[in-house]
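Q: So that you have it, the file is start02.csv, and it contains CSV, C-alpha atoms:
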chain,number,residue,atom,x,y,z
R,18,MET,CA,183.3,62.2,84.8
R,19,THR,CA,180.4,63.8,83.0
R,20,THR,CA,177.2,61.9,82.5
R,21,LEU,CA,177.5,61.9,78.7
R,22,SER,CA,180.9,60.3,79.0
R,23,HIS,CA,179.3,57.1,80.2
R,24,PHE,CA,177.8,56.5,76.8
R,25,SER,CA,181.0,57.8,75.0
R,26,GLN,CA,183.1,55.5,77.1
R,27,LEU,CA,180.9,52.5,76.2
R,28,LEU,CA,181.3,53.4,72.5
R,29,GLN,CA,185.0,53.8,72.8
R,30,ALA,CA,185.3,50.4,74.6
R,31,ALA,CA,183.1,48.7,72.0
R,32,MET,CA,185.2,50.2,69.1
R,33,ALA,CA,188.4,49.0,70.8
R,34,GLN,CA,187.3,45.4,70.8
R,35,PRO,CA,189.0,43.0,68.4
R,36,GLN,CA,185.7,41.8,66.9
R,37,PRO,CA,183.0,44.2,65.5
R,38,GLN,CA,180.4,45.1,68.1
R,39,GLN,CA,176.7,45.7,67.7
R,40,VAL,CA,175.2,48.1,70.3
R,41,LEU,CA,171.8,47.0,71.5
R,42,PHE,CA,169.1,49.4,73.0
R,43,VAL,CA,165.8,48.8,74.7
R,44,PHE,CA,163.8,51.9,75.4
R,45,ALA,CA,161.3,51.6,78.3
R,46,ALA,CA,158.8,53.6,80.2
R,47,ALA,CA,157.7,53.5,83.8
R,48,ARG,CA,154.1,52.4,84.2
R,49,LEU,CA,151.7,51.9,87.1
R,50,PRO,CA,149.9,48.5,87.0
R,51,ASP,CA,146.1,48.7,86.8
R,52,ASP,CA,145.8,46.9,90.1
R,53,ALA,CA,148.2,49.2,92.0
R,54,THR,CA,147.4,49.9,95.6
R,55,ALA,CA,147.0,53.5,96.9
R,56,GLU,CA,150.4,53.3,98.5
R,57,GLN,CA,151.9,52.1,95.2
R,58,ARG,CA,150.2,55.0,93.3
R,59,ALA,CA,151.6,57.5,95.8
R,60,ARG,CA,155.1,56.1,95.4
R,61,PHE,CA,154.7,56.2,91.6
R,62,GLU,CA,153.5,59.8,91.6
R,63,ALA,CA,156.5,60.6,93.8
R,64,GLY,CA,158.8,59.1,91.0
R,65,GLN,CA,159.4,55.7,92.6
R,66,GLY,CA,158.1,52.2,91.9
R,67,GLY,CA,156.0,51.0,89.1
R,68,THR,CA,157.0,48.6,86.4
R,69,LEU,CA,159.1,49.1,83.3
R,70,GLU,CA,157.5,48.5,80.0
R,71,PRO,CA,159.8,48.0,77.0
R,72,LEU,CA,158.6,50.2,74.1
R,73,ALA,CA,161.1,49.7,71.4
R,74,CYS,CA,164.4,48.0,70.7
R,75,VAL,CA,167.1,48.7,68.1
R,76,ASP,CA,170.6,47.7,67.3
R,77,LYS,CA,173.3,49.9,65.8
R,78,THR,CA,176.9,49.6,64.8
R,79,CYS,CA,179.4,51.8,66.6
R,80,THR,CA,179.9,53.9,63.5
R,81,GLU,CA,176.1,54.6,63.3
R,82,LEU,CA,176.3,56.3,66.7
R,83,SER,CA,177.7,59.8,66.8
R,84,SER,CA,176.5,60.9,70.3
R,85,PHE,CA,173.9,60.2,73.0
R,86,GLU,CA,172.0,63.3,72.0
R,87,ALA,CA,171.7,62.0,68.4
R,88,LEU,CA,170.4,58.7,69.7
R,89,VAL,CA,167.8,60.5,71.9
R,90,ASP,CA,166.7,62.7,69.0
R,91,GLU,CA,166.2,59.6,66.8
R,92,ALA,CA,164.4,57.8,69.6
R,93,ARG,CA,162.0,60.7,70.1
R,94,THR,CA,160.9,60.4,66.5
R,95,ALA,CA,160.8,56.6,66.3
R,96,CYS,CA,159.2,55.5,69.6
R,97,PRO,CA,156.8,56.6,72.3
R,98,ALA,CA,158.0,58.7,75.2
R,99,TRP,CA,160.5,56.8,77.3
R,100,GLN,CA,162.2,57.2,80.7
R,101,VAL,CA,165.1,54.8,80.4
R,102,VAL,CA,167.2,53.2,77.8
R,103,PHE,CA,169.0,49.9,78.5
R,104,ILE,CA,172.2,49.4,76.6
R,105,SER,CA,174.4,46.3,75.9
R,106,THR,CA,176.8,45.2,73.2
R,107,LEU,CA,177.1,42.0,71.2
R,108,SER,CA,180.4,40.8,69.7
R,109,GLY,CA,180.8,39.5,66.2
R,110,GLN,CA,183.1,36.6,65.2
R,111,ASP,CA,185.9,36.2,62.7
R,112,GLY,CA,185.9,39.9,61.9
R,113,GLN,CA,182.2,39.9,61.0
R,114,PRO,CA,179.5,41.7,62.9
R,115,PRO,CA,177.0,39.5,64.7
R,116,ALA,CA,174.4,37.7,62.5
R,117,THR,CA,170.9,39.2,62.5
R,118,ALA,CA,169.5,36.1,64.3
R,119,ARG,CA,172.0,36.6,67.2
R,120,VAL,CA,171.1,40.3,67.4
R,121,ASP,CA,167.4,39.5,67.4
R,122,ALA,CA,167.9,36.8,70.1
R,123,ALA,CA,170.0,39.2,72.2
R,124,LEU,CA,167.4,42.0,71.9
R,125,GLY,CA,164.7,39.5,72.8
R,126,LYS,CA,166.6,38.5,75.9
R,127,MET,CA,167.0,42.1,76.9
R,128,VAL,CA,163.3,42.8,76.5
R,129,GLU,CA,162.6,39.7,78.7
R,130,GLY,CA,165.1,40.9,81.2
R,131,VAL,CA,163.3,44.3,81.5
R,132,HIS,CA,160.0,42.5,81.9
R,133,ALA,CA,161.5,40.3,84.6
R,134,GLY,CA,163.3,43.1,86.4
R,135,VAL,CA,166.8,41.6,85.5
R,136,LEU,CA,168.5,44.9,84.8
R,137,ALA,CA,172.0,44.5,86.2
R,138,PRO,CA,173.7,43.3,83.0
R,139,TYR,CA,172.8,46.5,81.2
R,140,MET,CA,173.8,50.1,81.2
R,141,ALA,CA,170.8,52.2,82.0
R,142,LEU,CA,170.5,55.9,81.2
R,143,ASP,CA,167.7,58.4,81.4
R,144,PRO,CA,166.9,60.7,78.4
R,145,ASN,CA,169.5,63.2,79.7
R,146,GLY,CA,172.3,60.6,79.8
R,147,GLU,CA,172.2,60.3,83.5
R,148,PRO,CA,173.1,56.8,84.7
R,149,LEU,CA,170.3,55.0,86.6
R,150,VAL,CA,170.7,52.3,89.3
R,151,PHE,CA,167.8,50.0,90.1
R,152,SER,CA,167.5,48.4,93.5
Could you quickly redo this structure as C-alpha coordinates?
A:
Amino acid sequence: MTTLSHFSQLLQAAMAQPQPQQVLFVFAAARLPDDATAEQRARFEAGQGGTLEPLACVDKTCTELSSFEALVDEARTACPAWQVVFISTLSGQDGQPPATARVDAALGKMVEGVHAGVLAPYMALDPNGEPLVFS
(Lines of atoms letter the chains of each structure in order from A and count residues from 1; the text may use other names and numbers.)
(Lines give C-alpha, C1' and ligand atoms only; values in the text may rest on other atoms or scores of the structure.)
Protein backbone atom coordinates (compact mmCIF):
# COMPACT_ATOMS: atom_id res chain seq x y z
CA MET A 1 0.00 0.00 0.00
CA THR A 2 1.41 3.41 -0.90
CA THR A 3 1.45 6.12 1.74
CA LEU A 4 -0.84 8.42 -0.20
CA SER A 5 -3.41 5.65 -0.35
CA HIS A 6 -4.00 6.04 3.42
CA PHE A 7 -5.60 9.42 2.78
CA SER A 8 -7.36 8.18 -0.36
CA GLN A 9 -8.74 5.19 1.50
CA LEU A 10 -10.03 7.44 4.27
CA LEU A 11 -11.83 9.58 1.68
CA GLN A 12 -13.26 6.54 -0.08
CA ALA A 13 -14.53 5.13 3.22
CA ALA A 14 -16.07 8.49 4.15
CA MET A 15 -17.81 8.79 0.78
CA ALA A 16 -19.17 5.25 1.13
CA GLN A 17 -20.97 6.05 4.40
CA PRO A 18 -24.77 6.29 4.31
CA GLN A 19 -24.70 9.77 5.89
CA PRO A 20 -22.71 12.76 4.59
CA GLN A 21 -19.30 13.06 6.23
CA GLN A 22 -17.28 16.11 7.16
CA VAL A 23 -13.52 15.55 7.21
CA LEU A 24 -11.78 17.31 10.10
CA PHE A 25 -8.14 18.39 10.14
CA VAL A 26 -5.87 19.75 12.86
CA PHE A 27 -2.43 20.86 11.68
CA ALA A 28 0.26 20.83 14.36
CA ALA A 29 3.95 21.53 14.81
CA ALA A 30 6.49 19.98 17.13
CA ARG A 31 7.80 22.43 19.71
CA LEU A 32 10.33 22.30 22.50
CA PRO A 33 9.04 23.65 25.81
CA ASP A 34 10.92 26.67 27.18
CA ASP A 35 11.81 24.75 30.33
CA ALA A 36 13.23 21.73 28.47
CA THR A 37 16.22 19.98 29.97
CA ALA A 38 19.46 19.46 28.06
CA GLU A 39 18.48 15.82 27.49
CA GLN A 40 15.08 16.86 26.14
CA ARG A 41 16.73 19.40 23.85
CA ALA A 42 19.12 16.75 22.51
CA ARG A 43 16.23 14.35 21.82
CA PHE A 44 14.24 17.11 20.12
CA GLU A 45 17.19 18.05 17.91
CA ALA A 46 17.45 14.36 16.99
CA GLY A 47 13.82 14.44 15.84
CA GLN A 48 12.21 12.93 18.94
CA GLY A 49 10.20 14.28 21.82
CA GLY A 50 8.85 17.76 22.28
CA THR A 51 5.21 18.76 22.40
CA LEU A 52 2.65 19.17 19.66
CA GLU A 53 1.13 22.60 19.20
CA PRO A 54 -2.07 22.84 17.16
CA LEU A 55 -1.67 25.61 14.58
CA ALA A 56 -4.84 25.50 12.54
CA CYS A 57 -7.97 23.44 12.09
CA VAL A 58 -10.36 23.13 9.19
CA ASP A 59 -13.21 20.99 8.00
CA LYS A 60 -14.02 19.97 4.45
CA THR A 61 -16.61 17.89 2.67
CA CYS A 62 -15.33 14.85 0.82
CA THR A 63 -16.03 16.56 -2.50
CA GLU A 64 -13.83 19.52 -1.50
CA LEU A 65 -10.83 17.18 -1.20
CA SER A 66 -9.20 16.07 -4.42
CA SER A 67 -5.90 14.72 -3.08
CA PHE A 68 -3.53 14.86 -0.15
CA GLU A 69 -1.14 16.96 -2.24
CA ALA A 70 -3.86 19.57 -2.83
CA LEU A 71 -4.60 19.67 0.91
CA VAL A 72 -0.90 20.18 1.68
CA ASP A 73 -0.64 22.97 -0.91
CA GLU A 74 -3.65 24.73 0.57
CA ALA A 75 -2.33 24.29 4.11
CA ARG A 76 1.05 25.74 3.15
CA THR A 77 -0.62 28.97 2.10
CA ALA A 78 -3.16 29.10 4.94
CA CYS A 79 -1.21 28.16 8.07
CA PRO A 80 2.29 28.22 9.55
CA ALA A 81 4.75 25.41 8.84
CA TRP A 82 3.46 22.15 10.31
CA GLN A 83 4.85 18.66 10.85
CA VAL A 84 1.69 16.59 11.36
CA VAL A 85 -1.95 16.72 10.38
CA PHE A 86 -4.51 14.86 12.47
CA ILE A 87 -7.57 13.70 10.55
CA SER A 88 -10.99 12.51 11.62
CA THR A 89 -14.50 12.41 10.19
CA LEU A 90 -17.87 13.47 11.52
CA SER A 91 -21.12 11.97 10.31
CA GLY A 92 -24.20 13.93 9.39
CA GLN A 93 -27.78 12.88 10.13
CA ASP A 94 -30.93 12.38 8.08
CA GLY A 95 -29.05 12.91 4.83
CA GLN A 96 -27.71 16.29 5.96
CA PRO A 97 -24.08 17.15 6.74
CA PRO A 98 -23.20 17.77 10.38
CA ALA A 99 -24.32 21.13 11.73
CA THR A 100 -21.68 23.83 12.10
CA ALA A 101 -21.94 23.68 15.91
CA ARG A 102 -21.18 19.92 15.88
CA VAL A 103 -18.24 20.46 13.53
CA ASP A 104 -16.85 23.26 15.70
CA ALA A 105 -17.26 21.13 18.85
CA ALA A 106 -15.54 18.15 17.20
CA LEU A 107 -12.64 20.32 16.01
CA GLY A 108 -12.34 21.77 19.52
CA LYS A 109 -12.20 18.24 20.94
CA MET A 110 -9.47 17.33 18.46
CA VAL A 111 -7.42 20.41 19.41
CA GLU A 112 -7.82 19.53 23.10
CA GLY A 113 -6.78 15.97 22.32
CA VAL A 114 -3.60 17.14 20.60
CA HIS A 115 -2.80 19.38 23.59
CA ALA A 116 -3.40 16.47 25.98
CA GLY A 117 -1.52 13.92 23.88
CA VAL A 118 -4.67 11.88 23.18
CA LEU A 119 -3.85 11.08 19.57
CA ALA A 120 -5.00 7.49 19.02
CA PRO A 121 -8.48 8.37 17.68
CA TYR A 122 -7.02 10.25 14.71
CA MET A 123 -5.17 9.41 11.54
CA ALA A 124 -1.83 11.24 11.68
CA LEU A 125 0.17 12.03 8.54
CA ASP A 126 3.32 14.03 7.91
CA PRO A 127 3.46 16.58 5.06
CA ASN A 128 4.56 13.80 2.67
CA GLY A 129 1.52 11.67 3.50
CA GLU A 130 3.52 9.22 5.60
CA PRO A 131 1.50 7.77 8.48
CA LEU A 132 2.80 8.62 11.93
CA VAL A 133 2.50 6.55 15.10
CA PHE A 134 2.93 8.15 18.50
CA SER A 135 4.02 6.16 21.52
Q: Do you know which residues are at most 9 Å from Leu41 (chain R) counting all atoms listed in the file, after dropping those on the same chain fewer than 4 positions away, and could you put them as a ChimeraX atom specification?
A: /R:74-78,103-107,120,123-124,127
Q: Looking at only C-alpha atoms, which of R:Ala46, R:Gln39, R:Gly134, R:Gln29 is the one that sits closest to Gly109 (chain R)?
A: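 Among R:Ala46, R:Gln39, R:Gly134, R:Gln29, it is R:Gln39 that comes nearest to Gly109 (chain R).
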Q: Report as CSV the residues of region 32-80 of chain R within 10 Å of region 84-101 of chain R, each with its shortest atom pair and distance in Å (one decimal), using all atoms listed in the file, ordered by chain and increasing residue number.
A:
residue,atom,partner,partner_atom,distance
R:Phe42,CA,R:Leu88,CA,10.0
R:Val43,CA,R:Val101,CA,8.3
R:Phe44,CA,R:Val101,CA,5.9
R:Ala45,CA,R:Trp99,CA,5.4
R:Ala46,CA,R:Trp99,CA,4.6
R:Ala47,CA,R:Gln100,CA,6.6
R:Leu69,CA,R:Val101,CA,8.8
R:Glu70,CA,R:Trp99,CA,9.2
R:Pro71,CA,R:Trp99,CA,8.8
R:Leu72,CA,R:Pro97,CA,6.9
R:Ala73,CA,R:Cys96,CA,6.4
R:Cys74,CA,R:Cys96,CA,9.2
R:Val75,CA,R:Ala92,CA,9.6
Q: For those residues, write C-alpha atoms to a file as a short mmCIF file (atom, residue, chain, number, x, y, z; two decimals), keeping the file's coordinate frame.
A:
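Generated file (result04.cif):
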data_model
loop_
_atom_site.label_atom_id
_atom_site.label_comp_id
_atom_site.auth_asym_id
_atom_site.auth_seq_id
_atom_site.Cartn_x
_atom_site.Cartn_y
_atom_site.Cartn_z
CA PHE R 42 169.10 49.40 73.00
CA VAL R 43 165.80 48.80 74.70
CA PHE R 44 163.80 51.90 75.40
CA ALA R 45 161.30 51.60 78.30
CA ALA R 46 158.80 53.60 80.20
CA ALA R 47 157.70 53.50 83.80
CA LEU R 69 159.10 49.10 83.30
CA GLU R 70 157.50 48.50 80.00
CA PRO R 71 159.80 48.00 77.00
CA LEU R 72 158.60 50.20 74.10
CA ALA R 73 161.10 49.70 71.40
CA CYS R 74 164.40 48.00 70.70
CA VAL R 75 167.10 48.70 68.10
#
Q: Near Cys79 (chain R), within 8 Å and counting only C-alpha atoms, which residues show up once chain neighbours fewer than 2 positions away are dropped, as a short mmCIF file (atom, residue, chain, number, x, y, z; two decimals) with C-alpha atoms, keeping the file's coordinate frame?
A:
data_model
loop_
_atom_site.label_atom_id
_atom_site.label_comp_id
_atom_site.auth_asym_id
_atom_site.auth_seq_id
_atom_site.Cartn_x
_atom_site.Cartn_y
_atom_site.Cartn_z
CA LEU R 28 181.30 53.40 72.50
CA ALA R 31 183.10 48.70 72.00
CA MET R 32 185.20 50.20 69.10
CA GLN R 38 180.40 45.10 68.10
CA GLN R 39 176.70 45.70 67.70
CA VAL R 40 175.20 48.10 70.30
CA LYS R 77 173.30 49.90 65.80
CA GLU R 81 176.10 54.60 63.30
CA LEU R 82 176.30 56.30 66.70
#
Q: For a test of reading the model, state the distance in Å between CA of Ala116 (chain R) and CA of Val128 (chain R), rounded to one decimal.
A: 18.6 Å
Q: Show me the residues around (181.9, 41.2, 61.9) - criterion: an atom at most 6 Å away, only C-alpha atoms counted - as a tab-separated table (two decimals) with C-alpha atoms, in the frame of the given file.
A:
chain	number	residue	atom	x	y	z
R	37	PRO	CA	183.00	44.20	65.50
R	109	GLY	CA	180.80	39.50	66.20
R	110	GLN	CA	183.10	36.60	65.20
R	112	GLY	CA	185.90	39.90	61.90
R	113	GLN	CA	182.20	39.90	61.00
R	114	PRO	CA	179.50	41.70	62.90
R	115	PRO	CA	177.00	39.50	64.70
Q: What does the distance from CA of Pro148 (chain R) to CA of Pro35 (chain R) come to in Å, to one decimal?
A: 26.6 Å
Q: In Å to one decimal, how far is CA of Gly146 (chain R) from CA of His23 (chain R)?
A: 7.8 Å
Q: Which residue out of R:Ala59, R:Ala122, R:Val102, R:Leu136 has the minimum interatomic distance to Phe24 (chain R) when all atoms listed in the file are used?
A: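 Ranked by minimum distance to Phe24 (chain R), first place goes to R:Val102.
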Q: Can you work out which one of R:Arg58, R:Ser108, R:Thr68, R:Val135 has the shortest atom-to-atom distance to Ala33 (chain R), counting all atoms listed in the file?
A: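 For Ala33 (chain R), the nearest of the candidates is R:Ser108.
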Q: Env of Glu62 (chain R): 12 Å cut, atoms = all atoms listed in the file, seq-sep filter 4 positions within chain, self excluded. Answer as JSON, numbers by chain.
A: {"R": [47, 48, 49, 53, 55, 56, 57, 58, 66, 67]}
Q: Kindly indicate which residue among R:Asp51, R:Lys126, R:Ala63, R:Asp111 lies nearest to Gln36 (chain R), using all atoms listed in the file for the distances.
A: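 When distances to Gln36 (chain R) are compared using all atoms listed in the file, the smallest one comes from R:Asp111.
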